[in-house]
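Dumped work14.pdb below, it's PDB, C-alpha atoms, pLDDT in the B column:
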MODEL        1
ATOM      1  CA  SER S  20     297.765 222.785 168.518  1.00 32.00           C
ATOM      2  CA  SER S  21     301.278 224.178 168.103  1.00 32.00           C
ATOM      3  CA  ASN S  22     301.922 227.841 168.799  1.00 35.00           C
ATOM      4  CA  GLU S  23     302.423 228.741 165.147  1.00 37.00           C
ATOM      5  CA  LYS S  24     298.910 227.531 164.346  1.00 43.00           C
ATOM      6  CA  GLU S  25     297.042 229.195 167.164  1.00 47.00           C
ATOM      7  CA  ASP S  26     295.846 231.977 164.869  1.00 52.00           C
ATOM      8  CA  VAL S  27     293.850 229.482 162.768  1.00 83.00           C
ATOM      9  CA  VAL S  28     292.390 227.342 165.536  1.00 93.00           C
ATOM     10  CA  TYR S  29     288.754 228.069 166.370  1.00 97.00           C
ATOM     11  CA  ASP S  30     286.364 226.816 169.008  1.00 97.00           C
ATOM     12  CA  VAL S  31     283.532 226.662 166.475  1.00 98.00           C
ATOM     13  CA  VAL S  32     283.379 226.810 162.680  1.00 98.00           C
ATOM     14  CA  VAL S  33     279.944 227.364 161.123  1.00 98.00           C
ATOM     15  CA  ILE S  34     279.586 226.588 157.422  1.00 98.00           C
ATOM     16  CA  GLY S  35     277.072 228.665 155.471  1.00 97.00           C
ATOM     17  CA  ALA S  36     276.132 232.320 156.049  1.00 98.00           C
ATOM     18  CA  GLY S  37     272.390 232.120 155.466  1.00 97.00           C
ATOM     19  CA  CYS S  38     269.672 232.731 158.030  1.00 96.00           C
ATOM     20  CA  ILE S  39     270.445 229.518 159.934  1.00 96.00           C
ATOM     21  CA  GLY S  40     274.217 230.002 159.999  1.00 98.00           C
ATOM     22  CA  GLY S  41     273.758 233.665 160.857  1.00 98.00           C
ATOM     23  CA  ALA S  42     271.399 232.871 163.731  1.00 98.00           C
ATOM     24  CA  VAL S  43     273.790 230.239 165.098  1.00 98.00           C
ATOM     25  CA  VAL S  44     276.862 232.486 165.093  1.00 98.00           C
ATOM     26  CA  ARG S  45     274.916 235.401 166.542  1.00 98.00           C
ATOM     27  CA  GLU S  46     273.934 233.232 169.485  1.00 98.00           C
ATOM     28  CA  LEU S  47     277.496 231.924 169.828  1.00 98.00           C
ATOM     29  CA  SER S  48     278.795 235.494 169.838  1.00 98.00           C
ATOM     30  CA  ARG S  49     277.270 235.904 173.295  1.00 97.00           C
ATOM     31  CA  TYR S  50     279.965 233.588 174.673  1.00 97.00           C
ATOM     32  CA  SER S  51     283.763 233.735 175.010  1.00 96.00           C
ATOM     33  CA  LEU S  52     284.421 231.619 171.932  1.00 97.00           C
ATOM     34  CA  LYS S  53     286.594 232.047 168.880  1.00 97.00           C
ATOM     35  CA  THR S  54     284.035 231.512 166.121  1.00 98.00           C
ATOM     36  CA  LEU S  55     284.493 231.435 162.351  1.00 98.00           C
ATOM     37  CA  LEU S  56     281.676 231.708 159.778  1.00 98.00           C
ATOM     38  CA  LEU S  57     282.518 230.390 156.294  1.00 98.00           C
ATOM     39  CA  GLU S  58     280.531 231.214 153.146  1.00 97.00           C
ATOM     40  CA  SER S  59     281.322 229.797 149.707  1.00 96.00           C
ATOM     41  CA  ALA S  60     279.551 232.612 147.823  1.00 95.00           C
ATOM     42  CA  ASP S  61     280.716 236.213 147.519  1.00 92.00           C
ATOM     43  CA  ASP S  62     278.384 237.506 150.237  1.00 95.00           C
ATOM     44  CA  VAL S  63     276.074 236.281 152.964  1.00 96.00           C
ATOM     45  CA  SER S  64     272.545 235.122 152.091  1.00 95.00           C
ATOM     46  CA  GLN S  65     273.389 233.916 148.585  1.00 94.00           C
ATOM     47  CA  GLY S  66     272.059 230.343 148.894  1.00 93.00           C
ATOM     48  CA  ALA S  67     268.679 228.964 149.953  1.00 94.00           C
ATOM     49  CA  THR S  68     268.006 231.999 152.156  1.00 94.00           C
ATOM     50  CA  LYS S  69     267.976 234.315 149.133  1.00 91.00           C
ATOM     51  CA  GLY S  70     265.163 232.302 147.538  1.00 90.00           C
ATOM     52  CA  ASN S  71     263.162 231.799 150.741  1.00 91.00           C
ATOM     53  CA  SER S  72     259.520 232.933 150.807  1.00 93.00           C
ATOM     54  CA  GLY S  73     260.121 234.885 154.004  1.00 95.00           C
ATOM     55  CA  ILE S  74     257.010 233.548 155.750  1.00 97.00           C
ATOM     56  CA  VAL S  75     257.335 233.171 159.512  1.00 97.00           C
ATOM     57  CA  HIS S  76     254.915 230.299 160.006  1.00 97.00           C
ATOM     58  CA  ALA S  77     252.766 229.992 163.116  1.00 97.00           C
ATOM     59  CA  GLY S  78     253.147 226.197 163.275  1.00 97.00           C
ATOM     60  CA  TYR S  79     249.643 224.833 162.671  1.00 97.00           C
ATOM     61  CA  ASP S  80     250.553 222.808 159.578  1.00 94.00           C
ATOM     62  CA  ASP S  81     253.577 220.926 160.951  1.00 96.00           C
ATOM     63  CA  LYS S  82     253.239 217.223 161.744  1.00 96.00           C
ATOM     64  CA  PRO S  83     252.833 216.818 165.520  1.00 97.00           C
ATOM     65  CA  GLY S  84     255.887 215.240 167.085  1.00 97.00           C
ATOM     66  CA  SER S  85     258.242 216.416 164.332  1.00 98.00           C
ATOM     67  CA  LEU S  86     261.158 218.786 164.874  1.00 97.00           C
ATOM     68  CA  HIS S  87     259.319 221.380 162.801  1.00 96.00           C
ATOM     69  CA  ALA S  88     256.380 221.145 165.189  1.00 97.00           C
ATOM     70  CA  LYS S  89     258.678 221.351 168.208  1.00 97.00           C
ATOM     71  CA  PHE S  90     260.498 224.493 167.133  1.00 97.00           C
ATOM     72  CA  CYS S  91     258.156 226.402 164.809  1.00 97.00           C
ATOM     73  CA  TRP S  92     255.952 228.079 167.417  1.00 98.00           C
ATOM     74  CA  PRO S  93     258.784 228.943 169.853  1.00 97.00           C
ATOM     75  CA  GLY S  94     260.787 230.302 166.918  1.00 97.00           C
ATOM     76  CA  ASN S  95     257.806 232.314 165.716  1.00 98.00           C
ATOM     77  CA  GLN S  96     257.552 233.958 169.118  1.00 98.00           C
ATOM     78  CA  MET S  97     261.201 235.072 168.997  1.00 97.00           C
ATOM     79  CA  PHE S  98     260.786 237.299 165.955  1.00 98.00           C
ATOM     80  CA  PRO S  99     259.288 240.450 167.508  1.00 97.00           C
ATOM     81  CA  GLN S 100     262.175 240.705 169.982  1.00 97.00           C
ATOM     82  CA  LEU S 101     264.726 239.855 167.284  1.00 97.00           C
ATOM     83  CA  ASP S 102     263.365 242.704 165.167  1.00 98.00           C
ATOM     84  CA  ARG S 103     263.505 245.126 168.084  1.00 98.00           C
ATOM     85  CA  GLU S 104     267.191 244.251 168.503  1.00 97.00           C
ATOM     86  CA  LEU S 105     268.256 244.052 164.843  1.00 98.00           C
ATOM     87  CA  ARG S 106     265.708 246.166 162.880  1.00 97.00           C
ATOM     88  CA  PHE S 107     265.394 243.874 159.842  1.00 97.00           C
ATOM     89  CA  GLY S 108     261.743 244.720 159.136  1.00 96.00           C
ATOM     90  CA  TYR S 109     259.554 241.994 160.618  1.00 98.00           C
ATOM     91  CA  GLN S 110     255.865 242.287 159.682  1.00 97.00           C
ATOM     92  CA  LEU S 111     253.360 240.685 162.036  1.00 97.00           C
ATOM     93  CA  ASN S 112     250.486 240.509 159.556  1.00 96.00           C
ATOM     94  CA  GLY S 113     248.869 237.156 160.416  1.00 97.00           C
ATOM     95  CA  SER S 114     247.645 234.527 157.968  1.00 97.00           C
ATOM     96  CA  LEU S 115     244.366 233.119 156.696  1.00 98.00           C
ATOM     97  CA  VAL S 116     243.755 229.617 155.327  1.00 98.00           C
ATOM     98  CA  LEU S 117     240.537 229.823 153.314  1.00 98.00           C
ATOM     99  CA  ALA S 118     237.773 227.248 152.910  1.00 98.00           C
ATOM    100  CA  THR S 119     235.327 227.458 150.004  1.00 98.00           C
ATOM    101  CA  ASN S 120     233.282 224.284 150.647  1.00 97.00           C
ATOM    102  CA  ASP S 121     232.387 221.752 153.335  1.00 97.00           C
ATOM    103  CA  ALA S 122     235.330 219.461 152.510  1.00 98.00           C
ATOM    104  CA  GLU S 123     237.756 222.332 153.026  1.00 98.00           C
ATOM    105  CA  LEU S 124     236.027 223.232 156.300  1.00 98.00           C
ATOM    106  CA  LYS S 125     237.070 219.819 157.596  1.00 98.00           C
ATOM    107  CA  ILE S 126     240.645 220.614 156.642  1.00 98.00           C
ATOM    108  CA  LEU S 127     240.452 223.810 158.711  1.00 98.00           C
ATOM    109  CA  ASP S 128     239.318 221.723 161.690  1.00 98.00           C
ATOM    110  CA  GLU S 129     242.256 219.362 161.143  1.00 98.00           C
ATOM    111  CA  LEU S 130     244.721 222.263 160.986  1.00 98.00           C
ATOM    112  CA  MET S 131     243.159 223.780 164.099  1.00 98.00           C
ATOM    113  CA  GLU S 132     243.648 220.515 165.986  1.00 98.00           C
ATOM    114  CA  ARG S 133     247.182 220.119 164.655  1.00 98.00           C
ATOM    115  CA  GLY S 134     247.993 223.626 165.834  1.00 98.00           C
ATOM    116  CA  ARG S 135     246.572 222.842 169.275  1.00 97.00           C
ATOM    117  CA  LYS S 136     248.819 219.766 169.558  1.00 98.00           C
ATOM    118  CA  ASN S 137     251.804 221.879 168.472  1.00 98.00           C
ATOM    119  CA  GLY S 138     251.152 224.483 171.151  1.00 98.00           C
ATOM    120  CA  VAL S 139     250.151 227.256 168.741  1.00 98.00           C
ATOM    121  CA  GLN S 140     248.151 229.941 170.526  1.00 98.00           C
ATOM    122  CA  ARG S 141     245.437 232.353 169.388  1.00 98.00           C
ATOM    123  CA  LEU S 142     244.287 230.185 166.454  1.00 98.00           C
ATOM    124  CA  ARG S 143     240.621 230.423 165.568  1.00 98.00           C
ATOM    125  CA  ILE S 144     238.241 229.702 162.725  1.00 98.00           C
ATOM    126  CA  VAL S 145     236.639 232.871 161.344  1.00 98.00           C
ATOM    127  CA  GLN S 146     233.198 232.662 159.732  1.00 97.00           C
ATOM    128  CA  LYS S 147     232.224 234.358 156.468  1.00 97.00           C
ATOM    129  CA  GLU S 148     230.805 237.652 157.747  1.00 97.00           C
ATOM    130  CA  GLU S 149     233.779 238.456 159.968  1.00 98.00           C
ATOM    131  CA  LEU S 150     236.190 237.117 157.368  1.00 98.00           C
ATOM    132  CA  PHE S 151     235.102 239.636 154.736  1.00 98.00           C
ATOM    133  CA  GLU S 152     235.196 242.420 157.300  1.00 97.00           C
ATOM    134  CA  MET S 153     238.856 241.502 157.849  1.00 97.00           C
ATOM    135  CA  GLU S 154     239.732 241.093 154.156  1.00 97.00           C
ATOM    136  CA  PRO S 155     237.079 242.438 151.732  1.00 97.00           C
ATOM    137  CA  ALA S 156     239.061 241.463 148.606  1.00 97.00           C
ATOM    138  CA  LEU S 157     239.134 237.722 149.302  1.00 97.00           C
ATOM    139  CA  ASN S 158     237.829 235.039 146.964  1.00 96.00           C
ATOM    140  CA  PRO S 159     234.026 235.616 147.033  1.00 97.00           C
ATOM    141  CA  ASN S 160     233.507 231.859 147.378  1.00 97.00           C
ATOM    142  CA  ALA S 161     235.262 231.765 150.764  1.00 98.00           C
ATOM    143  CA  ILE S 162     232.977 230.646 153.599  1.00 98.00           C
ATOM    144  CA  ALA S 163     235.449 230.496 156.502  1.00 98.00           C
ATOM    145  CA  ALA S 164     239.160 230.644 157.325  1.00 98.00           C
ATOM    146  CA  LEU S 165     241.686 229.577 159.907  1.00 98.00           C
ATOM    147  CA  HIS S 166     243.201 232.757 161.318  1.00 98.00           C
ATOM    148  CA  ALA S 167     246.729 232.667 162.761  1.00 98.00           C
ATOM    149  CA  PRO S 168     247.456 236.193 164.042  1.00 98.00           C
ATOM    150  CA  ASP S 169     251.061 235.333 164.943  1.00 98.00           C
ATOM    151  CA  ALA S 170     252.163 234.479 161.399  1.00 98.00           C
ATOM    152  CA  GLY S 171     254.404 237.086 159.818  1.00 98.00           C
ATOM    153  CA  ASN S 172     256.986 237.712 157.141  1.00 97.00           C
ATOM    154  CA  VAL S 173     260.492 239.018 156.644  1.00 97.00           C
ATOM    155  CA  ILE S 174     262.759 239.886 153.735  1.00 96.00           C
ATOM    156  CA  PRO S 175     265.040 236.844 154.070  1.00 96.00           C
ATOM    157  CA  TYR S 176     268.311 238.431 152.978  1.00 95.00           C
ATOM    158  CA  GLU S 177     267.753 241.462 155.210  1.00 97.00           C
ATOM    159  CA  PHE S 178     267.235 239.070 158.111  1.00 97.00           C
ATOM    160  CA  ALA S 179     270.414 237.101 157.341  1.00 97.00           C
ATOM    161  CA  ILE S 180     272.477 240.264 156.846  1.00 97.00           C
ATOM    162  CA  ALA S 181     271.288 241.652 160.193  1.00 98.00           C
ATOM    163  CA  LEU S 182     272.185 238.427 162.015  1.00 98.00           C
ATOM    164  CA  CYS S 183     275.648 238.193 160.445  1.00 98.00           C
ATOM    165  CA  GLU S 184     276.462 241.873 160.920  1.00 98.00           C
ATOM    166  CA  ASN S 185     275.571 241.691 164.599  1.00 98.00           C
ATOM    167  CA  ALA S 186     277.625 238.520 165.041  1.00 98.00           C
ATOM    168  CA  VAL S 187     280.656 240.155 163.388  1.00 98.00           C
ATOM    169  CA  ASP S 188     280.206 243.241 165.575  1.00 97.00           C
ATOM    170  CA  ASN S 189     280.385 240.871 168.539  1.00 97.00           C
ATOM    171  CA  GLY S 190     283.675 239.307 167.394  1.00 97.00           C
ATOM    172  CA  VAL S 191     282.743 236.477 165.022  1.00 98.00           C
ATOM    173  CA  GLU S 192     285.094 236.183 162.030  1.00 97.00           C
ATOM    174  CA  LEU S 193     283.390 235.990 158.622  1.00 98.00           C
ATOM    175  CA  ARG S 194     285.191 234.673 155.548  1.00 97.00           C
ATOM    176  CA  ILE S 195     283.392 234.829 152.207  1.00 96.00           C
ATOM    177  CA  ARG S 196     284.455 233.054 148.985  1.00 95.00           C
ATOM    178  CA  ARG S 197     285.622 230.083 151.062  1.00 95.00           C
ATOM    179  CA  GLU S 198     284.308 226.780 149.760  1.00 96.00           C
ATOM    180  CA  VAL S 199     284.716 223.911 152.214  1.00 97.00           C
ATOM    181  CA  THR S 200     286.282 220.986 150.369  1.00 96.00           C
ATOM    182  CA  ASP S 201     287.028 218.555 153.179  1.00 97.00           C
ATOM    183  CA  ILE S 202     286.650 217.994 156.930  1.00 97.00           C
ATOM    184  CA  SER S 203     288.892 215.509 158.716  1.00 96.00           C
ATOM    185  CA  LYS S 204     289.593 214.566 162.320  1.00 95.00           C
ATOM    186  CA  LYS S 205     293.146 215.358 163.451  1.00 92.00           C
ATOM    187  CA  GLY S 206     293.713 214.295 167.035  1.00 93.00           C
ATOM    188  CA  GLU S 207     291.304 216.212 169.236  1.00 92.00           C
ATOM    189  CA  LEU S 208     290.551 218.759 166.512  1.00 94.00           C
ATOM    190  CA  PHE S 209     288.783 218.847 163.184  1.00 95.00           C
ATOM    191  CA  GLU S 210     290.683 220.183 160.186  1.00 95.00           C
ATOM    192  CA  VAL S 211     288.578 222.116 157.692  1.00 95.00           C
ATOM    193  CA  ASP S 212     290.005 222.528 154.182  1.00 94.00           C
ATOM    194  CA  VAL S 213     288.697 225.438 152.138  1.00 94.00           C
ATOM    195  CA  ARG S 214     289.164 226.700 148.600  1.00 93.00           C
ATOM    196  CA  HIS S 215     289.546 230.469 148.524  1.00 91.00           C
ATOM    197  CA  TRP S 216     288.327 231.919 145.233  1.00 90.00           C
ATOM    198  CA  GLU S 217     288.086 235.454 143.857  1.00 87.00           C
ATOM    199  CA  PRO S 218     286.349 236.859 140.751  1.00 83.00           C
ATOM    200  CA  LYS S 219     288.421 236.391 137.593  1.00 83.00           C
ATOM    201  CA  GLU S 220     288.569 240.133 136.897  1.00 84.00           C
ATOM    202  CA  TYR S 221     290.031 240.766 140.350  1.00 77.00           C
ATOM    203  CA  VAL S 222     292.570 237.950 139.985  1.00 79.00           C
ATOM    204  CA  ASP S 223     293.657 239.232 136.565  1.00 79.00           C
ATOM    205  CA  ILE S 224     294.240 242.752 137.871  1.00 83.00           C
ATOM    206  CA  ARG S 225     296.181 241.486 140.880  1.00 78.00           C
ATOM    207  CA  GLU S 226     298.377 239.343 138.648  1.00 78.00           C
ATOM    208  CA  LYS S 227     299.131 242.319 136.412  1.00 81.00           C
ATOM    209  CA  LEU S 228     300.308 244.119 139.541  1.00 82.00           C
ATOM    210  CA  GLY S 229     302.477 241.134 140.431  1.00 79.00           C
ATOM    211  CA  LYS S 230     300.397 240.297 143.498  1.00 76.00           C
ATOM    212  CA  SER S 231     298.446 237.218 144.558  1.00 71.00           C
ATOM    213  CA  ALA S 232     294.656 237.352 144.576  1.00 67.00           C
ATOM    214  CA  ASP S 233     294.417 237.296 148.376  1.00 64.00           C
ATOM    215  CA  GLY S 234     297.331 239.699 148.888  1.00 57.00           C
ATOM    216  CA  SER S 235     299.257 237.193 150.970  1.00 57.00           C
ATOM    217  CA  GLU S 236     302.404 237.054 148.832  1.00 54.00           C
ATOM    218  CA  PRO S 237     303.667 238.114 145.399  1.00 49.00           C
ATOM    219  CA  VAL S 238     302.808 235.856 142.473  1.00 46.00           C
ATOM    220  CA  GLY S 239     305.624 233.392 141.767  1.00 47.00           C
ATOM    221  CA  SER S 240     307.280 233.714 145.168  1.00 41.00           C
TER     222      SER S 240
ENDMDL
END

Mind turning the file's structure into structure tokens?
Amino acid sequence: SSNEKEDVVYDVVVIGAGCIGGAVVRELSRYSLKTLLLESADDVSQGATKGNSGIVHAGYDDKPGSLHAKFCWPGNQMFPQLDRELRFGYQLNGSLVLATNDAELKILDELMERGRKNGVQRLRIVQKEELFEMEPALNPNAIAALHAPDAGNVIPYEFAIALCENAVDNGVELRIRREVTDISKKGELFEVDVRHWEPKEYVDIREKLGKSADGSEPVGS
């Protein structure tokens, strides 16, 4: 790139500041890279992450051989250390898949075998007496359950915020209200076009003051 454009050339641009984008840039922030995180909404965690259930699955229900199966258990095992580093409130509460009849017992066996193929550890099938000692308020018709002690949960937006904050602390640049409109190859680089928007009320006030919405130059200049 030419010298006058060096300030807008990045090694990596990550689009989307949810839990995935946040995790990616946090990892990249460990390296000597100029990294930019773009988010089209007015804050991080405003897309799919905000509506996520927050369950950290153990990996017993993923199809063996799939990418989900490959990464679910290793990812699950990362969460305790992530929480020690970032303090986002991980709860290691485990999960139970209940069976109320013989047909559902067979499903538990299938999930147990699927978990074994996926490398999930500490899975076991709990029988009725022990099950109700663990959780007395369960459906009284339950006769057994698959217990996954490594399943947990998070508050998704707290998780994403923690990842992005740590990445920014480590030097990643975050730009909110930047909607990516086009990506094109220019020589050895990719050019990313973005639309910078601001709330109407903010724009109106800035215009009354004779200033542009982003403060870069006076309106009309």

>> To one decimal place in Å, what is the distance between CA of Ser114 (chain S) and CA of Pro168 (chain S)?
In response: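 Rounded to one decimal, the two atoms are 6.3 Å apart.
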
Using the chain letters and numbering of this document, enumerate as number ranges by chain the residues selected by the PyMOL selection byres ((chain S and resi 76) around 8).
S: 74-75, 77-78, 91-92, 95, 170-171

For the file shown, what are the residues hit by the PyMOL selection byres ((chain S and resi 160) around 10), laid out as a PyMOL selection string? chain S and resi 117-120+147+157-159+161-163

Selection from above, C-alpha atoms, as a PDB file, in the frame of the given file, can you write it?
ATOM      1  CA  LEU S 117     240.537 229.823 153.314  1.00 98.00           C
ATOM      2  CA  ALA S 118     237.773 227.248 152.910  1.00 98.00           C
ATOM      3  CA  THR S 119     235.327 227.458 150.004  1.00 98.00           C
ATOM      4  CA  ASN S 120     233.282 224.284 150.647  1.00 97.00           C
ATOM      5  CA  LYS S 147     232.224 234.358 156.468  1.00 97.00           C
ATOM      6  CA  LEU S 157     239.134 237.722 149.302  1.00 97.00           C
ATOM      7  CA  ASN S 158     237.829 235.039 146.964  1.00 96.00           C
ATOM      8  CA  PRO S 159     234.026 235.616 147.033  1.00 97.00           C
ATOM      9  CA  ALA S 161     235.262 231.765 150.764  1.00 98.00           C
ATOM     10  CA  ILE S 162     232.977 230.646 153.599  1.00 98.00           C
ATOM     11  CA  ALA S 163     235.449 230.496 156.502  1.00 98.00           C
TER      12      ALA S 163
END

Expressed in Å, the length from CA of Asn137 (chain S) to CA of His166 (chain S) is 15.6 Å

Students should find that CA of Gly70 (chain S) and CA of Pro175 (chain S) are spaced 8.0 Å

Which residues, named as in the file, does the PyMOL selection byres ((chain S and resi 34) around 8) pick out? Answer as a PDB file with C-alpha atoms, in the coordinates of the input.
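The result, written out as out.pdb:
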ATOM      1  CA  VAL S  32     283.379 226.810 162.680  1.00 98.00           C
ATOM      2  CA  VAL S  33     279.944 227.364 161.123  1.00 98.00           C
ATOM      3  CA  GLY S  35     277.072 228.665 155.471  1.00 97.00           C
ATOM      4  CA  ALA S  36     276.132 232.320 156.049  1.00 98.00           C
ATOM      5  CA  GLY S  40     274.217 230.002 159.999  1.00 98.00           C
ATOM      6  CA  LEU S  56     281.676 231.708 159.778  1.00 98.00           C
ATOM      7  CA  LEU S  57     282.518 230.390 156.294  1.00 98.00           C
ATOM      8  CA  GLU S  58     280.531 231.214 153.146  1.00 97.00           C
ATOM      9  CA  VAL S 199     284.716 223.911 152.214  1.00 97.00           C
TER      10      VAL S 199
END

Which residues are close to Pro93 (chain S), i.e. within 9 Å by all atoms listed in the file, leaving aside same-chain residues fewer than 3 positions away? Reply as a PyMOL selection string.
chain S and resi 89-90+96-97+138-139

Take the residues from that selection and put them in a file with C-alpha atoms, as a short mmCIF file (atom, residue, chain, number, x, y, z; two decimals), in the coordinates of the input.
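Final file, part39.cif:
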data_model
loop_
_atom_site.label_atom_id
_atom_site.label_comp_id
_atom_site.auth_asym_id
_atom_site.auth_seq_id
_atom_site.Cartn_x
_atom_site.Cartn_y
_atom_site.Cartn_z
CA LYS S 89 258.68 221.35 168.21
CA PHE S 90 260.50 224.49 167.13
CA GLN S 96 257.55 233.96 169.12
CA MET S 97 261.20 235.07 169.00
CA GLY S 138 251.15 224.48 171.15
CA VAL S 139 250.15 227.26 168.74
#

Closest of S:Ser51, S:Gln100, S:Asn189, S:Ser64 to Glu177 (chain S), counting all atoms listed in the file, is S:Ser64

Shortest contact to Phe151 (chain S), candidates S:Ala122, S:Leu115, S:Ser48, S:Asp201, atoms counted all atoms listed in the file, goes to S:Leu115
